[in-house]
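Chemist: The structure file input32.json (JSON, C-alpha atoms) is provided below.
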[["chain", "number", "residue", "atom", "x", "y", "z"],
["A", 1, "MET", "CA", -2.87, -13.10, -18.98],
["A", 2, "THR", "CA", -0.17, -11.62, -16.78],
["A", 3, "ALA", "CA", 3.56, -12.04, -16.31],
["A", 4, "ARG", "CA", 4.54, -12.67, -12.69],
["A", 5, "VAL", "CA", 7.93, -11.35, -11.63],
["A", 6, "GLN", "CA", 9.80, -10.52, -8.44],
["A", 7, "VAL", "CA", 11.63, -7.20, -8.09],
["A", 8, "PRO", "CA", 13.21, -5.24, -5.23],
["A", 9, "ALA", "CA", 10.86, -2.78, -3.56],
["A", 10, "PRO", "CA", 11.31, 0.91, -4.51],
["A", 11, "ARG", "CA", 13.95, 2.82, -2.58],
["A", 12, "GLY", "CA", 12.98, 5.03, 0.31],
["A", 13, "GLY", "CA", 10.31, 4.10, 2.80],
["A", 14, "TYR", "CA", 9.54, 0.77, 1.12],
["A", 15, "SER", "CA", 12.99, -0.70, 0.57],
["A", 16, "GLY", "CA", 14.10, -4.00, 2.06],
["A", 17, "ALA", "CA", 11.47, -6.25, 0.52],
["A", 18, "THR", "CA", 10.83, -8.26, -2.61],
["A", 19, "LEU", "CA", 7.66, -7.38, -4.51],
["A", 20, "HIS", "CA", 5.73, -9.99, -6.47],
["A", 21, "LEU", "CA", 4.10, -8.33, -9.47],
["A", 22, "ASP", "CA", 1.47, -9.28, -12.00],
["A", 23, "ILE", "CA", 2.42, -7.22, -15.05],
["A", 24, "ASP", "CA", -0.40, -6.15, -17.37],
["A", 25, "PRO", "CA", 1.13, -7.26, -20.70],
["A", 26, "THR", "CA", -1.19, -5.11, -22.82],
["A", 27, "GLU", "CA", -0.44, -1.91, -20.91],
["A", 28, "HIS", "CA", 3.26, -2.77, -20.78],
["A", 29, "GLN", "CA", 3.41, -3.25, -24.55],
["A", 30, "ARG", "CA", 1.37, -0.09, -25.17],
["A", 31, "ARG", "CA", 3.84, 1.91, -23.07],
["A", 32, "GLN", "CA", 6.80, 0.33, -24.83],
["A", 33, "ASN", "CA", 5.33, 1.24, -28.20],
["A", 34, "ALA", "CA", 4.63, 4.79, -27.04],
["A", 35, "GLY", "CA", 8.13, 5.18, -25.60],
["A", 36, "ILE", "CA", 7.00, 5.87, -22.03],
["A", 37, "GLY", "CA", 7.84, 4.15, -18.77],
["A", 38, "THR", "CA", 6.18, 5.22, -15.55],
["A", 39, "VAL", "CA", 3.62, 8.03, -15.30],
["A", 40, "THR", "CA", 4.76, 9.47, -11.98],
["A", 41, "GLY", "CA", 6.27, 12.66, -13.43],
["A", 42, "HIS", "CA", 3.72, 14.93, -11.79],
["A", 43, "GLY", "CA", 3.45, 13.12, -8.47],
["A", 44, "PHE", "CA", 0.24, 12.19, -6.68],
["A", 45, "GLY", "CA", -1.50, 15.21, -8.21],
["A", 46, "GLY", "CA", -0.95, 13.95, -11.74],
["A", 47, "LEU", "CA", -2.32, 10.51, -10.90],
["A", 48, "ASP", "CA", -5.23, 12.13, -9.10],
["A", 49, "HIS", "CA", -6.05, 14.05, -12.28],
["A", 50, "LEU", "CA", -5.69, 10.90, -14.38],
["A", 51, "MET", "CA", -8.04, 9.01, -12.08],
["A", 52, "ALA", "CA", -10.69, 11.67, -12.70],
["A", 53, "LEU", "CA", -10.73, 10.58, -16.35],
["A", 54, "PRO", "CA", -12.32, 7.27, -17.35],
["A", 55, "ALA", "CA", -9.91, 4.99, -19.19],
["A", 56, "GLY", "CA", -10.54, 4.88, -22.92],
["A", 57, "LEU", "CA", -13.56, 7.21, -22.93],
["A", 58, "PRO", "CA", -13.37, 10.77, -24.34],
["A", 59, "VAL", "CA", -14.30, 13.62, -21.99],
["A", 60, "PRO", "CA", -14.83, 17.27, -23.03],
["A", 61, "VAL", "CA", -11.80, 19.23, -21.87],
["A", 62, "ASN", "CA", -13.96, 22.21, -20.88],
["A", 63, "THR", "CA", -15.72, 20.09, -18.25],
["A", 64, "LEU", "CA", -12.47, 19.56, -16.33],
["A", 65, "THR", "CA", -11.22, 21.71, -13.49],
["A", 66, "LYS", "CA", -8.50, 24.26, -14.22],
["A", 67, "ALA", "CA", -5.91, 22.05, -12.53],
["A", 68, "GLN", "CA", -7.00, 19.04, -14.58],
["A", 69, "GLN", "CA", -6.87, 21.06, -17.80],
["A", 70, "GLU", "CA", -3.36, 22.22, -16.93],
["A", 71, "TYR", "CA", -2.28, 18.63, -16.37],
["A", 72, "VAL", "CA", -3.85, 17.57, -19.69],
["A", 73, "ARG", "CA", -1.83, 20.26, -21.46],
["A", 74, "ARG", "CA", 1.44, 19.11, -19.85],
["A", 75, "ALA", "CA", 0.99, 15.32, -19.92],
["A", 76, "PRO", "CA", 3.47, 13.48, -22.16],
["A", 77, "ALA", "CA", 2.22, 11.72, -25.27],
["A", 78, "GLY", "CA", 1.11, 8.17, -24.62],
["A", 79, "ILE", "CA", -0.61, 8.97, -21.34],
["A", 80, "LEU", "CA", -3.61, 10.66, -22.92],
["A", 81, "THR", "CA", -4.66, 12.29, -26.18],
["A", 82, "VAL", "CA", -6.62, 15.46, -26.87],
["A", 83, "GLU", "CA", -8.61, 15.67, -30.07],
["A", 84, "ASP", "CA", -11.55, 17.85, -31.11],
["A", 85, "GLY", "CA", -11.80, 19.36, -27.64],
["A", 86, "GLN", "CA", -11.96, 15.98, -25.91],
["A", 87, "VAL", "CA", -9.39, 14.18, -23.82],
["A", 88, "THR", "CA", -9.01, 10.40, -23.65],
["A", 89, "ARG", "CA", -6.93, 8.69, -21.00],
["A", 90, "HIS", "CA", -4.88, 5.72, -22.19],
["A", 91, "ALA", "CA", -2.65, 5.06, -19.17],
["A", 92, "ILE", "CA", -3.86, 2.50, -16.66],
["A", 93, "ARG", "CA", -2.09, 0.84, -13.76],
["A", 94, "PRO", "CA", 0.72, -1.21, -15.36],
["A", 95, "CYS", "CA", 0.88, -3.92, -12.75],
["A", 96, "ARG", "CA", -0.65, -5.30, -9.59],
["A", 97, "VAL", "CA", 1.53, -5.88, -6.56],
["A", 98, "THR", "CA", 0.30, -9.18, -5.14],
["A", 99, "LEU", "CA", 2.78, -9.75, -2.31],
["A", 100, "ALA", "CA", 5.63, -8.09, -0.44],
["A", 101, "THR", "CA", 8.19, -10.51, 1.02],
["A", 102, "VAL", "CA", 10.51, -9.44, 3.83],
["A", 103, "ARG", "CA", 13.43, -11.63, 4.90],
["A", 104, "SER", "CA", 14.51, -11.88, 8.53],
["A", 105, "LYS", "CA", 16.56, -14.18, 10.75],
["A", 106, "SER", "CA", 13.49, -14.82, 12.92],
["A", 107, "ALA", "CA", 9.97, -13.54, 13.56],
["A", 108, "THR", "CA", 10.73, -10.30, 15.38],
["A", 109, "LYS", "CA", 8.94, -7.06, 16.10],
["A", 110, "ARG", "CA", 11.19, -5.34, 13.60],
["A", 111, "SER", "CA", 10.31, -7.75, 10.77],
["A", 112, "LEU", "CA", 6.62, -7.38, 11.60],
["A", 113, "GLU", "CA", 6.92, -3.59, 11.37],
["A", 114, "SER", "CA", 8.88, -3.87, 8.13],
["A", 115, "ALA", "CA", 6.17, -6.00, 6.53],
["A", 116, "SER", "CA", 3.39, -3.80, 7.93],
["A", 117, "ARG", "CA", 4.52, -0.87, 5.77],
["A", 118, "PHE", "CA", 3.01, -2.64, 2.78],
["A", 119, "ALA", "CA", -0.44, -3.09, 4.35],
["A", 120, "PRO", "CA", -2.11, -0.43, 2.14],
["A", 121, "PHE", "CA", -0.90, -2.08, -1.07],
["A", 122, "CYS", "CA", -0.67, -5.88, -0.98],
["A", 123, "ALA", "CA", -0.47, -9.11, 1.02],
["A", 124, "ARG", "CA", 2.65, -9.56, 3.14],
["A", 125, "THR", "CA", 4.91, -12.42, 4.17],
["A", 126, "VAL", "CA", 8.06, -12.63, 6.28],
["A", 127, "VAL", "CA", 10.54, -15.37, 5.39],
["A", 128, "ILE", "CA", 12.57, -16.44, 8.42],
["A", 129, "GLU", "CA", 15.61, -18.68, 8.82],
["A", 130, "ARG", "CA", 14.94, -20.07, 12.27],
["A", 131, "HIS", "CA", 12.02, -20.60, 14.60],
["A", 132, "HIS", "CA", 11.78, -22.16, 18.06],
["A", 133, "PRO", "CA", 8.59, -23.40, 19.74],
["A", 134, "HIS", "CA", 8.98, -20.85, 22.55],
["A", 135, "MET", "CA", 8.62, -18.11, 19.89],
["A", 136, "ASN", "CA", 5.11, -19.20, 18.92],
["A", 137, "TYR", "CA", 3.65, -16.23, 20.77],
["A", 138, "ASN", "CA", 5.37, -14.01, 18.17],
["A", 139, "LEU", "CA", 3.45, -15.79, 15.41],
["A", 140, "LEU", "CA", 0.15, -14.87, 17.03],
["A", 141, "GLU", "CA", 0.92, -11.21, 16.46],
["A", 142, "PHE", "CA", 1.85, -11.82, 12.81],
["A", 143, "GLY", "CA", -1.39, -13.71, 12.33],
["A", 144, "PHE", "CA", -3.37, -10.94, 14.01],
["A", 145, "TYR", "CA", -2.07, -8.45, 11.45],
["A", 146, "GLY", "CA", -2.56, -10.83, 8.53],
["A", 147, "ILE", "CA", 1.15, -11.19, 7.83],
["A", 148, "GLY", "CA", 2.31, -14.60, 6.65],
["A", 149, "VAL", "CA", 5.40, -16.33, 8.02],
["A", 150, "VAL", "CA", 7.45, -18.89, 6.07],
["A", 151, "LEU", "CA", 10.34, -20.84, 7.56],
["A", 152, "GLU", "CA", 13.14, -21.43, 5.05],
["A", 153, "ARG", "CA", 15.50, -24.20, 6.11],
["A", 154, "PRO", "CA", 19.22, -24.39, 5.20],
["A", 155, "ASP", "CA", 18.49, -27.07, 2.58],
["A", 156, "GLY", "CA", 16.09, -24.72, 0.79],
["A", 157, "THR", "CA", 12.86, -26.40, 1.84],
["A", 158, "THR", "CA", 10.15, -24.19, 3.28],
["A", 159, "GLU", "CA", 7.29, -24.52, 5.75],
["A", 160, "THR", "CA", 4.38, -22.09, 5.97],
["A", 161, "LEU", "CA", 3.84, -21.24, 9.62],
["A", 162, "ILE", "CA", 1.26, -18.51, 9.02],
["A", 163, "THR", "CA", -0.67, -18.02, 5.76],
["A", 164, "PRO", "CA", -0.87, -14.36, 4.72],
["A", 165, "ARG", "CA", -4.32, -12.84, 4.73],
["A", 166, "PRO", "CA", -5.53, -12.15, 1.18],
["A", 167, "TRP", "CA", -5.37, -8.45, 0.36],
["A", 168, "ARG", "CA", -8.52, -6.78, -0.90],
["A", 169, "PRO", "CA", -8.33, -3.12, -1.90],
["A", 170, "MET", "CA", -11.07, -0.96, -0.47],
["A", 171, "ARG", "CA", -10.73, 1.53, -3.32],
["A", 172, "HIS", "CA", -8.37, 2.64, -6.06],
["A", 173, "THR", "CA", -6.28, 5.56, -4.77],
["A", 174, "PRO", "CA", -3.54, 7.79, -6.21],
["A", 175, "ALA", "CA", -1.19, 6.46, -3.52],
["A", 176, "ALA", "CA", -1.81, 2.85, -4.57],
["A", 177, "TRP", "CA", -1.33, 3.75, -8.23],
["A", 178, "TRP", "CA", 1.86, 5.63, -7.32],
["A", 179, "PHE", "CA", 3.16, 2.54, -5.51],
["A", 180, "ALA", "CA", 2.33, 0.33, -8.51],
["A", 181, "GLU", "CA", 4.13, 2.74, -10.85],
["A", 182, "ASN", "CA", 7.25, 2.66, -8.69],
["A", 183, "ALA", "CA", 7.09, -1.13, -8.58],
["A", 184, "TYR", "CA", 6.76, -1.08, -12.37],
["A", 185, "ALA", "CA", 9.88, 1.12, -12.54],
["A", 186, "ALA", "CA", 11.74, -1.59, -10.62],
["A", 187, "TYR", "CA", 10.41, -4.13, -13.12],
["A", 188, "LEU", "CA", 11.67, -2.06, -16.06],
["A", 189, "THR", "CA", 15.12, -1.89, -14.46],
["A", 190, "HIS", "CA", 14.93, -5.65, -13.87],
["A", 191, "ILE", "CA", 14.22, -6.52, -17.53],
["A", 192, "ARG", "CA", 16.85, -4.09, -18.80],
["A", 193, "THR", "CA", 19.41, -5.74, -16.53],
["A", 194, "ASP", "CA", 18.39, -9.18, -17.80],
["A", 195, "GLU", "CA", 18.61, -7.99, -21.41],
["A", 196, "GLY", "CA", 22.06, -6.54, -20.78],
["A", 197, "ALA", "CA", 23.26, -9.78, -19.21],
["A", 198, "THR", "CA", 21.93, -11.78, -22.18],
["A", 199, "GLN", "CA", 23.74, -9.58, -24.70],
["A", 200, "ARG", "CA", 27.15, -9.95, -23.01]]
In structure tokens, what does this structure look like?
Modeler:
Amino acid sequence: MTARVQVPAPRGGYSGATLHLDIDPTEHQRRQNAGIGTVTGHGFGGLDHLMALPAGLPVPVNTLTKAQQEYVRRAPAGILTVEDGQVTRHAIRPCRVTLATVRSKSATKRSLESASRFAPFCARTVVIERHHPHMNYNLLEFGFYGIGVVLERPDGTTETLITPRPWRPMRHTPAAWWFAENAYAAYLTHIRTDEGATQR
């Protein structure tokens, strides 16, 4: 079972969108118990080394490359454990980004490009405030790239003009894991903010 939440996209090259996340509750709770948040401390290289280790299965440390062994020595507790000359990875991807939503006044080239940044990671939709029949040719381009378009009217009702193409990952990559970790960081900030508001 997963918890679905919406959080702002990470700052930098992916800002300006809302991410829809499926949080892995077991991994989230494990990290909370271990006192760790994201596992991006060593960048792509660290995640690359983690991906070389099967989750939950011990691997002899002496079979790893020198770079992997160095990472194992530096990795914070809760990410992996080393015992009797074997290393076991515990950290897995904490969430799955299912959709990136970009808001725009209308279906423009700029909004298409903004949504396209998320193509390697998830499905994409642009929510627009107005649409005229003479702009239908714009929708063809959105459809070609698999980007959904939803018209949101002033009264709050919505109409799906283009359904987003389902996103299917070709393979699990360090970049995709990195993106998920940064989305998870936004989630952690989101729940802390909610907790703070509740306590006031």
Chemist: Restricting the calculation to only C-alpha atoms, which member of A:Gly85, A:Gly156, A:Pro94, A:Pro166 is positioned closest to Leu21 (chain A)?
Modeler: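 Closest to Leu21 (chain A), using only C-alpha atoms: A:Pro94.
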Chemist: Suppose you want the space between CA of Thr157 (chain A) and CA of Ala17 (chain A); what is it in Å?
Modeler: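 One can read the CA of Thr157 (chain A) to CA of Ala17 (chain A) distance as 20.2 Å.
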Chemist: As an exercise, work out the distance from CA of Leu19 (chain A) to CA of Ala100 (chain A) in Å and give it to one decimal place.
Modeler: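 It comes out at 4.6 Å.
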Chemist: Taking (-3.2, -1.8, -23.8) in the file's own coordinates, collect the residues within 12 Å, counting only C-alpha atoms, and hand them back as an MDAnalysis selection string.
Modeler: chainID A and resid 23:34 55:56 78:79 89:95
Chemist: Report as a PyMOL selection string all protein, DNA and RNA residues lying within 7 Å of Ile128 (chain A), evaluated on only C-alpha atoms, omitting residues in the same chain fewer than 4 positions from it.
Modeler: chain A and resi 103-107+150-152
Chemist: To one decimal place in Å, what is the distance between CA of Thr189 (chain A) and CA of His20 (chain A)?
Modeler: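 Atom-to-atom, CA of Thr189 (chain A) and CA of His20 (chain A) are spaced 14.8 Å apart.
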Chemist: Restricting the calculation to only C-alpha atoms: of A:Gly143, A:Pro60, A:Pro120, A:Gly16, which residue gets closest to Ala180 (chain A)?
Modeler: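 Once distances to Ala180 (chain A) are computed over only C-alpha atoms, the minimum belongs to A:Pro120.
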Chemist: Which residue out of A:Val97, A:Trp167, A:Val87, A:Ala77 has the minimum interatomic distance to Gly35 (chain A) when all atoms listed in the file are used?
Modeler: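 Result for the nearest residue to Gly35 (chain A): A:Ala77.
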Chemist: Give as a list in words each residue that has an atom at most 8 Å from (11.5, -9.2, -15.4) in the file, counting all atoms listed in the file.
Modeler: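 Output: Val5, Gln6, Val7, Tyr187, Leu188, His190, Ile191 and Asp194 of chain A.
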Chemist: Please list as a list of chain:residue names every residue within 9 Å of region 137-139 of chain A, counting all atoms listed in the file and excluding residues in the same chain fewer than 3 positions away.
Modeler: A:Ala107, A:Thr108, A:Lys109, A:Pro133, A:His134, A:Phe142, A:Gly143, A:Phe144, A:Gly148, A:Val149, A:Leu161, A:Ile162
Chemist: Pick from A:Leu50, A:Leu112, A:Ala175, A:Ala119: nearest to Leu140 (chain A), with all atoms listed in the file counted?
Modeler: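 Distance minimum relative to Leu140 (chain A) lands on A:Leu112.
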Chemist: For Tyr71 (chain A), please output as a short mmCIF file (atom, residue, chain, number, x, y, z; two decimals) with C-alpha atoms, in the frame of the given file all residues within 8 Å (counting all atoms listed in the file; exclusion window: fewer than 4 positions along the same chain).
Modeler:
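Once everything was written out, this is out.cif:
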data_model
loop_
_atom_site.label_atom_id
_atom_site.label_comp_id
_atom_site.auth_asym_id
_atom_site.auth_seq_id
_atom_site.Cartn_x
_atom_site.Cartn_y
_atom_site.Cartn_z
CA GLY A 46 -0.95 13.95 -11.74
CA HIS A 49 -6.05 14.05 -12.28
CA ALA A 67 -5.91 22.05 -12.53
CA ALA A 75 0.99 15.32 -19.92
#
Chemist: Taking all atoms listed in the file into account, which of A:Gln68, A:Thr125, A:Asn136, A:Thr88 comes nearest Ser111 (chain A)?
Modeler: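 With all atoms listed in the file as the atom set, the closest residue is A:Thr125.
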Chemist: Looking at all atoms listed in the file, which of A:Thr160, A:Thr40, A:Thr98, A:Thr173 is the one that sits closest to Val127 (chain A)?
Modeler: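 Of all the options, A:Thr160 lies closest to Val127 (chain A).
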Chemist: Using the partial input, fill out region 90-101 of chain A with all heavy atoms; write the result as a compact mmCIF listing (two decimals), in the frame of the given file.
Modeler:
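New file result_21.txt:
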# COMPACT_ATOMS: atom_id res chain seq x y z
N HIS A 90 -5.33 7.04 -21.76
CA HIS A 90 -4.88 5.72 -22.19
C HIS A 90 -4.16 4.97 -21.07
O HIS A 90 -4.23 3.75 -21.01
CB HIS A 90 -3.95 5.86 -23.40
CG HIS A 90 -4.56 6.59 -24.54
ND1 HIS A 90 -5.66 6.14 -25.23
CD2 HIS A 90 -4.23 7.80 -25.10
CE1 HIS A 90 -5.99 7.01 -26.18
NE2 HIS A 90 -5.13 8.02 -26.12
N ALA A 91 -3.45 5.70 -20.22
CA ALA A 91 -2.65 5.06 -19.17
C ALA A 91 -3.54 4.42 -18.11
O ALA A 91 -4.51 5.03 -17.63
CB ALA A 91 -1.73 6.07 -18.52
N ILE A 92 -3.22 3.19 -17.78
CA ILE A 92 -3.86 2.50 -16.66
C ILE A 92 -2.74 1.94 -15.77
O ILE A 92 -1.56 2.01 -16.13
CB ILE A 92 -4.80 1.37 -17.12
CG1 ILE A 92 -4.03 0.30 -17.89
CG2 ILE A 92 -5.95 1.93 -17.95
CD1 ILE A 92 -4.84 -0.94 -18.22
N ARG A 93 -3.10 1.40 -14.65
CA ARG A 93 -2.09 0.84 -13.76
C ARG A 93 -1.36 -0.30 -14.49
O ARG A 93 -2.01 -1.23 -14.99
CB ARG A 93 -2.74 0.31 -12.48
CG ARG A 93 -1.75 0.07 -11.35
CD ARG A 93 -2.38 -0.55 -10.14
NE ARG A 93 -3.46 0.24 -9.57
CZ ARG A 93 -3.85 0.15 -8.31
NH1 ARG A 93 -3.25 -0.70 -7.49
NH2 ARG A 93 -4.84 0.88 -7.86
N PRO A 94 -0.02 -0.25 -14.55
CA PRO A 94 0.72 -1.21 -15.36
C PRO A 94 0.92 -2.58 -14.71
O PRO A 94 1.32 -3.53 -15.38
CB PRO A 94 2.07 -0.53 -15.56
CG PRO A 94 2.24 0.27 -14.31
CD PRO A 94 0.86 0.76 -13.95
N CYS A 95 0.67 -2.65 -13.42
CA CYS A 95 0.88 -3.92 -12.75
C CYS A 95 0.07 -3.95 -11.46
O CYS A 95 -0.44 -2.91 -11.01
CB CYS A 95 2.37 -4.15 -12.42
SG CYS A 95 3.05 -2.98 -11.20
N ARG A 96 -0.03 -5.13 -10.90
CA ARG A 96 -0.65 -5.30 -9.59
C ARG A 96 0.37 -5.95 -8.68
O ARG A 96 0.97 -6.96 -9.02
CB ARG A 96 -1.89 -6.19 -9.72
CG ARG A 96 -2.72 -6.30 -8.45
CD ARG A 96 -4.06 -6.95 -8.72
NE ARG A 96 -3.92 -8.32 -9.17
CZ ARG A 96 -3.94 -9.40 -8.37
NH1 ARG A 96 -4.08 -9.23 -7.07
NH2 ARG A 96 -3.82 -10.60 -8.87
N VAL A 97 0.62 -5.31 -7.54
CA VAL A 97 1.53 -5.88 -6.56
C VAL A 97 0.73 -6.87 -5.72
O VAL A 97 -0.22 -6.50 -5.03
CB VAL A 97 2.15 -4.79 -5.66
CG1 VAL A 97 3.16 -5.41 -4.70
CG2 VAL A 97 2.82 -3.70 -6.51
N THR A 98 1.09 -8.15 -5.82
CA THR A 98 0.30 -9.18 -5.14
C THR A 98 0.85 -9.52 -3.76
O THR A 98 0.10 -9.94 -2.88
CB THR A 98 0.26 -10.47 -5.98
OG1 THR A 98 1.60 -10.94 -6.21
CG2 THR A 98 -0.41 -10.21 -7.32
N LEU A 99 2.17 -9.35 -3.57
CA LEU A 99 2.78 -9.75 -2.31
C LEU A 99 4.09 -9.01 -2.09
O LEU A 99 4.85 -8.79 -3.04
CB LEU A 99 3.05 -11.27 -2.33
CG LEU A 99 3.71 -11.90 -1.10
CD1 LEU A 99 2.76 -11.90 0.09
CD2 LEU A 99 4.17 -13.32 -1.41
N ALA A 100 4.33 -8.61 -0.85
CA ALA A 100 5.63 -8.09 -0.44
C ALA A 100 6.25 -9.10 0.51
O ALA A 100 5.63 -9.52 1.48
CB ALA A 100 5.48 -6.74 0.25
N THR A 101 7.48 -9.53 0.20
CA THR A 101 8.19 -10.51 1.02
C THR A 101 9.37 -9.85 1.72
O THR A 101 10.22 -9.24 1.06
CB THR A 101 8.70 -11.68 0.16
OG1 THR A 101 7.59 -12.31 -0.47
CG2 THR A 101 9.42 -12.71 1.03
